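File shown: run-v1.csv. Contents: CSV, C-alpha atoms and all ligand atoms.
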```
chain,number,residue,atom,x,y,z
A,1,MET,CA,-19.9,-50.0,-42.4
A,2,THR,CA,-17.6,-47.2,-41.5
A,3,LYS,CA,-17.1,-46.3,-38.0
A,4,THR,CA,-16.7,-42.6,-37.1
A,5,LEU,CA,-14.5,-42.0,-34.2
A,6,VAL,CA,-15.3,-38.8,-32.4
A,7,LYS,CA,-12.5,-37.5,-30.3
A,8,PRO,CA,-13.4,-35.1,-27.6
A,9,ARG,CA,-11.4,-32.0,-27.8
A,10,THR,CA,-10.4,-30.4,-24.6
A,11,SER,CA,-8.1,-27.6,-24.0
A,12,VAL,CA,-6.7,-26.6,-20.7
A,13,LYS,CA,-6.1,-23.0,-20.0
A,14,THR,CA,-4.3,-21.9,-16.8
A,15,LYS,CA,-5.4,-18.7,-15.3
A,16,THR,CA,-3.2,-17.0,-12.8
A,17,GLN,CA,-5.2,-15.6,-9.9
A,18,ARG,CA,-3.7,-12.4,-8.6
A,19,PRO,CA,-4.4,-11.5,-5.0
A,20,PRO,CA,-6.5,-8.3,-4.5
A,21,LEU,CA,-4.3,-5.3,-3.7
A,22,TYR,CA,-4.6,-2.7,-0.9
A,23,LYS,CA,-3.6,0.9,-0.8
A,24,VAL,CA,-1.7,2.3,2.1
A,25,ILE,CA,-2.8,5.9,2.7
A,26,LEU,CA,-1.0,8.5,4.8
A,27,LEU,CA,-3.2,11.1,6.5
A,28,ASN,CA,-2.2,14.6,7.4
A,29,ASP,CA,-2.4,15.9,11.0
A,30,ASP,CA,-1.3,19.2,12.6
A,31,TYR,CA,1.2,17.9,15.1
A,32,THR,CA,3.6,15.3,13.7
A,33,PRO,CA,6.9,17.0,12.6
A,34,ARG,CA,7.5,16.8,8.8
A,35,GLU,CA,11.0,15.3,9.4
A,36,PHE,CA,9.5,12.5,11.4
A,37,VAL,CA,7.0,11.7,8.7
A,38,VAL,CA,9.9,11.5,6.2
A,39,LEU,CA,11.8,9.3,8.6
A,40,VAL,CA,8.9,6.8,8.9
A,41,LEU,CA,8.3,6.7,5.2
A,42,LYS,CA,12.0,5.9,4.5
A,43,ALA,CA,12.1,3.2,7.3
A,44,VAL,CA,8.8,1.4,6.7
A,45,PHE,CA,8.2,2.0,3.0
A,46,ARG,CA,11.8,1.9,1.8
A,47,MET,CA,11.5,5.3,0.1
A,48,THR,CA,14.4,7.5,-0.8
A,49,ALA,CA,14.6,10.9,1.0
A,50,ASP,CA,13.3,12.6,-2.2
A,51,GLN,CA,10.3,10.3,-2.6
A,52,ALA,CA,9.5,10.5,1.2
A,53,TYR,CA,9.6,14.3,1.1
A,54,ARG,CA,7.2,14.5,-1.9
A,55,VAL,CA,4.7,12.0,-0.4
A,56,MET,CA,4.8,13.9,3.0
A,57,MET,CA,4.2,17.2,1.3
A,58,THR,CA,1.3,15.8,-0.8
A,59,ALA,CA,-0.4,14.6,2.4
A,60,HIS,CA,0.4,17.9,4.1
A,61,THR,CA,-1.2,20.0,1.4
A,62,LYS,CA,-4.0,17.7,0.2
A,63,GLY,CA,-4.9,16.0,3.5
A,64,ALA,CA,-3.9,12.4,2.4
A,65,CYS,CA,-1.6,10.6,0.0
A,66,VAL,CA,-1.6,7.0,-1.4
A,67,ILE,CA,1.8,5.7,-0.6
A,68,ALA,CA,1.9,2.2,-2.2
A,69,VAL,CA,-0.1,-0.9,-2.9
A,70,TYR,CA,0.5,-4.3,-1.4
A,71,THR,CA,-1.3,-7.5,-0.7
A,72,ARG,CA,-3.7,-7.1,2.2
A,73,ASP,CA,-1.4,-8.6,4.8
A,74,VAL,CA,1.6,-6.5,3.9
A,75,ALA,CA,-0.5,-3.3,3.6
A,76,GLU,CA,-2.0,-3.8,7.0
A,77,THR,CA,1.2,-4.7,8.7
A,78,LYS,CA,3.1,-1.7,7.3
A,79,ALA,CA,0.3,0.7,8.1
A,80,LYS,CA,0.2,-0.6,11.7
A,81,GLU,CA,4.0,-0.5,12.0
A,82,ALA,CA,4.2,3.1,10.7
A,83,THR,CA,1.3,4.3,12.9
A,84,GLU,CA,2.9,2.6,16.0
A,85,LEU,CA,6.2,4.5,15.3
A,86,GLY,CA,4.4,7.8,15.5
A,87,LYS,CA,2.5,6.6,18.6
A,88,SER,CA,5.7,5.7,20.4
A,89,LYS,CA,6.8,9.3,20.1
A,90,GLY,CA,3.4,10.6,21.1
A,91,TYR,CA,2.4,11.8,17.6
A,92,PRO,CA,-1.1,11.3,16.0
A,93,LEU,CA,0.5,10.2,12.7
A,94,PHE,CA,-1.9,7.8,11.0
A,95,PHE,CA,-1.7,5.3,8.1
A,96,THR,CA,-4.8,3.5,6.9
A,97,THR,CA,-5.5,0.9,4.2
A,98,GLU,CA,-8.2,0.5,1.6
A,99,PRO,CA,-8.9,-2.0,-1.2
A,100,GLU,CA,-7.9,-1.0,-4.7
A,101,GLU,CA,-10.9,-0.7,-6.9
B,201,LIG,N1,1.1,18.7,8.9
B,201,LIG,C1,2.3,18.4,9.7
B,201,LIG,C2,3.0,19.7,10.1
B,201,LIG,O1,2.7,20.7,9.6
B,201,LIG,C3,3.3,17.5,8.9
B,201,LIG,C4,2.7,16.3,8.4
B,201,LIG,C5,2.7,16.0,7.0
B,201,LIG,C6,2.0,15.4,9.2
B,201,LIG,C7,2.1,14.8,6.5
B,201,LIG,C8,1.4,14.2,8.7
B,201,LIG,O2,0.9,12.9,6.9
B,201,LIG,C9,1.4,14.0,7.4
B,201,LIG,N2,3.9,19.5,11.1
```
Go ahead and render the structure in this file as structure tokens.
Amino acid sequence: MTKTLVKPRTSVKTKTQRPPLYKVILLNDDYTPREFVVLVLKAVFRMTADQAYRVMMTAHTKGACVIAVYTRDVAETKAKEATELGKSKGYPLFFTTEPEE
């Protein structure tokens, strides 16, 4: 009698889970000086003067502008830090976050 040996075949696939990303959005207002918005964008979001100016002008003309995407923690911390900088000068400058679809 012949014995048939059945070997179970298993394969292991590693899937890397990526954390969900959050957008940081800059909102326009009528009071914060343009130069101050640029200064905050450079300081908190590490933008060049050119990038910061373009982003500020987009928010200024369209009402809002997506600045960058980060993990939730980083997005919320940066949005809060940037909003606080405006607040410390008495400006209504506002940054918000929203999950990326
Ligand atoms: N609208 C402001 C002004 O005219 C400048 C500004 C731009 C404010 C972008 C906020 O997100 C903003 N002084």
Grab me every residue within 12 Å of ligand LIG 201 (chain B), counting all atoms listed in the file, and send it over as a VMD selection string. chain A and resid 24 to 41 52 to 67 82 to 83 86 91 to 96
Can I get the selected residues back with C-alpha atoms, as a PDB file, in the coordinates of the input?
```pdb
ATOM      1  CA  VAL A  24      -1.700   2.300   2.100  1.00  0.00           C
ATOM      2  CA  ILE A  25      -2.800   5.900   2.700  1.00  0.00           C
ATOM      3  CA  LEU A  26      -1.000   8.500   4.800  1.00  0.00           C
ATOM      4  CA  LEU A  27      -3.200  11.100   6.500  1.00  0.00           C
ATOM      5  CA  ASN A  28      -2.200  14.600   7.400  1.00  0.00           C
ATOM      6  CA  ASP A  29      -2.400  15.900  11.000  1.00  0.00           C
ATOM      7  CA  ASP A  30      -1.300  19.200  12.600  1.00  0.00           C
ATOM      8  CA  TYR A  31       1.200  17.900  15.100  1.00  0.00           C
ATOM      9  CA  THR A  32       3.600  15.300  13.700  1.00  0.00           C
ATOM     10  CA  PRO A  33       6.900  17.000  12.600  1.00  0.00           C
ATOM     11  CA  ARG A  34       7.500  16.800   8.800  1.00  0.00           C
ATOM     12  CA  GLU A  35      11.000  15.300   9.400  1.00  0.00           C
ATOM     13  CA  PHE A  36       9.500  12.500  11.400  1.00  0.00           C
ATOM     14  CA  VAL A  37       7.000  11.700   8.700  1.00  0.00           C
ATOM     15  CA  VAL A  38       9.900  11.500   6.200  1.00  0.00           C
ATOM     16  CA  LEU A  39      11.800   9.300   8.600  1.00  0.00           C
ATOM     17  CA  VAL A  40       8.900   6.800   8.900  1.00  0.00           C
ATOM     18  CA  LEU A  41       8.300   6.700   5.200  1.00  0.00           C
ATOM     19  CA  ALA A  52       9.500  10.500   1.200  1.00  0.00           C
ATOM     20  CA  TYR A  53       9.600  14.300   1.100  1.00  0.00           C
ATOM     21  CA  ARG A  54       7.200  14.500  -1.900  1.00  0.00           C
ATOM     22  CA  VAL A  55       4.700  12.000  -0.400  1.00  0.00           C
ATOM     23  CA  MET A  56       4.800  13.900   3.000  1.00  0.00           C
ATOM     24  CA  MET A  57       4.200  17.200   1.300  1.00  0.00           C
ATOM     25  CA  THR A  58       1.300  15.800  -0.800  1.00  0.00           C
ATOM     26  CA  ALA A  59      -0.400  14.600   2.400  1.00  0.00           C
ATOM     27  CA  HIS A  60       0.400  17.900   4.100  1.00  0.00           C
ATOM     28  CA  THR A  61      -1.200  20.000   1.400  1.00  0.00           C
ATOM     29  CA  LYS A  62      -4.000  17.700   0.200  1.00  0.00           C
ATOM     30  CA  GLY A  63      -4.900  16.000   3.500  1.00  0.00           C
ATOM     31  CA  ALA A  64      -3.900  12.400   2.400  1.00  0.00           C
ATOM     32  CA  CYS A  65      -1.600  10.600   0.000  1.00  0.00           C
ATOM     33  CA  VAL A  66      -1.600   7.000  -1.400  1.00  0.00           C
ATOM     34  CA  ILE A  67       1.800   5.700  -0.600  1.00  0.00           C
ATOM     35  CA  ALA A  82       4.200   3.100  10.700  1.00  0.00           C
ATOM     36  CA  THR A  83       1.300   4.300  12.900  1.00  0.00           C
ATOM     37  CA  GLY A  86       4.400   7.800  15.500  1.00  0.00           C
ATOM     38  CA  TYR A  91       2.400  11.800  17.600  1.00  0.00           C
ATOM     39  CA  PRO A  92      -1.100  11.300  16.000  1.00  0.00           C
ATOM     40  CA  LEU A  93       0.500  10.200  12.700  1.00  0.00           C
ATOM     41  CA  PHE A  94      -1.900   7.800  11.000  1.00  0.00           C
ATOM     42  CA  PHE A  95      -1.700   5.300   8.100  1.00  0.00           C
ATOM     43  CA  THR A  96      -4.800   3.500   6.900  1.00  0.00           C
TER      44      THR A  96
END
```
At what distance in Å, to one decimal, does CA of Val44 in chain A lie from CA of Lys78 in chain A?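 Between CA of Lys78 in chain A and CA of Val44 in chain A the gap works out to 6.5 Å.
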By how many Å are CA of Lys80 in chain A and CA of Gln17 in chain A apart?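 Value for the CA of Lys80 in chain A-CA of Gln17 in chain A distance: 26.8 Å.
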re CA of Glu81 in chain A and CA of Ala43 in chain A: distance 10.1 Å
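The closest residue to Glu98 in chain A, picked from A:Ala75, A:Phe45, A:Val6, A:Gln51 and counting only C-alpha atoms, is A:Ala75.
For Lys23 in chain A, the non-local neighbours within 6 Å, defined as residues at least 4 positions apart in the same chain or in other chains and counting all atoms listed in the file, are Ala68, Val69, Thr97 and Glu98 of chain A.
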Complete the atoms of range 71-94 of chain A to N, CA and C atoms and put them out as an mmCIF file, in the frame of the given file.
```
data_model
loop_
_atom_site.group_PDB
_atom_site.id
_atom_site.type_symbol
_atom_site.label_atom_id
_atom_site.label_comp_id
_atom_site.auth_asym_id
_atom_site.auth_seq_id
_atom_site.Cartn_x
_atom_site.Cartn_y
_atom_site.Cartn_z
ATOM 1 N N THR A 71 -0.278 -6.549 -1.058
ATOM 2 C CA THR A 71 -1.300 -7.500 -0.700
ATOM 3 C C THR A 71 -1.866 -7.074 0.656
ATOM 4 N N ARG A 72 -3.049 -7.555 1.004
ATOM 5 C CA ARG A 72 -3.700 -7.100 2.200
ATOM 6 C C ARG A 72 -2.877 -7.193 3.485
ATOM 7 N N ASP A 73 -2.266 -8.349 3.641
ATOM 8 C CA ASP A 73 -1.400 -8.600 4.800
ATOM 9 C C ASP A 73 -0.290 -7.613 4.970
ATOM 10 N N VAL A 74 0.442 -7.432 3.890
ATOM 11 C CA VAL A 74 1.600 -6.500 3.900
ATOM 12 C C VAL A 74 1.139 -5.094 4.126
ATOM 13 N N ALA A 75 0.055 -4.682 3.438
ATOM 14 C CA ALA A 75 -0.500 -3.300 3.600
ATOM 15 C C ALA A 75 -0.844 -3.040 5.035
ATOM 16 N N GLU A 76 -1.569 -3.978 5.636
ATOM 17 C CA GLU A 76 -2.000 -3.800 7.000
ATOM 18 C C GLU A 76 -0.875 -3.761 8.013
ATOM 19 N N THR A 77 0.089 -4.655 7.801
ATOM 20 C CA THR A 77 1.200 -4.700 8.700
ATOM 21 C C THR A 77 2.052 -3.437 8.639
ATOM 22 N N LYS A 78 2.305 -2.942 7.419
ATOM 23 C CA LYS A 78 3.100 -1.700 7.300
ATOM 24 C C LYS A 78 2.390 -0.503 7.818
ATOM 25 N N ALA A 79 1.073 -0.419 7.568
ATOM 26 C CA ALA A 79 0.300 0.700 8.100
ATOM 27 C C ALA A 79 0.330 0.735 9.597
ATOM 28 N N LYS A 80 0.217 -0.450 10.192
ATOM 29 C CA LYS A 80 0.200 -0.600 11.700
ATOM 30 C C LYS A 80 1.577 -0.182 12.224
ATOM 31 N N GLU A 81 2.607 -0.740 11.606
ATOM 32 C CA GLU A 81 4.000 -0.500 12.000
ATOM 33 C C GLU A 81 4.303 1.013 11.999
ATOM 34 N N ALA A 82 3.923 1.666 10.894
ATOM 35 C CA ALA A 82 4.200 3.100 10.700
ATOM 36 C C ALA A 82 3.407 3.936 11.711
ATOM 37 N N THR A 83 2.139 3.568 11.938
ATOM 38 C CA THR A 83 1.300 4.300 12.900
ATOM 39 C C THR A 83 1.872 4.130 14.309
ATOM 40 N N GLU A 84 2.336 2.928 14.628
ATOM 41 C CA GLU A 84 2.900 2.600 16.000
ATOM 42 C C GLU A 84 4.188 3.474 16.200
ATOM 43 N N LEU A 85 4.985 3.672 15.151
ATOM 44 C CA LEU A 85 6.200 4.500 15.300
ATOM 45 C C LEU A 85 5.869 5.890 15.742
ATOM 46 N N GLY A 86 4.802 6.446 15.153
ATOM 47 C CA GLY A 86 4.400 7.800 15.500
ATOM 48 C C GLY A 86 3.859 7.774 16.983
ATOM 49 N N LYS A 87 3.053 6.763 17.278
ATOM 50 C CA LYS A 87 2.500 6.600 18.600
ATOM 51 C C LYS A 87 3.546 6.560 19.691
ATOM 52 N N SER A 88 4.625 5.835 19.386
ATOM 53 C CA SER A 88 5.700 5.700 20.400
ATOM 54 C C SER A 88 6.392 6.993 20.696
ATOM 55 N N LYS A 89 6.222 7.985 19.812
ATOM 56 C CA LYS A 89 6.800 9.300 20.100
ATOM 57 C C LYS A 89 5.719 10.302 20.513
ATOM 58 N N GLY A 90 4.493 9.793 20.664
ATOM 59 C CA GLY A 90 3.400 10.600 21.100
ATOM 60 C C GLY A 90 2.758 11.463 19.972
ATOM 61 N N TYR A 91 2.994 11.055 18.717
ATOM 62 C CA TYR A 91 2.400 11.800 17.600
ATOM 63 C C TYR A 91 1.154 11.069 17.063
ATOM 64 N N PRO A 92 0.195 11.863 16.527
ATOM 65 C CA PRO A 92 -1.100 11.300 16.000
ATOM 66 C C PRO A 92 -0.939 10.773 14.566
ATOM 67 N N LEU A 93 0.280 10.603 14.078
ATOM 68 C CA LEU A 93 0.500 10.200 12.700
ATOM 69 C C LEU A 93 -0.315 8.911 12.411
ATOM 70 N N PHE A 94 -1.036 8.931 11.255
ATOM 71 C CA PHE A 94 -1.900 7.800 11.000
ATOM 72 C C PHE A 94 -1.862 7.315 9.529
#
```
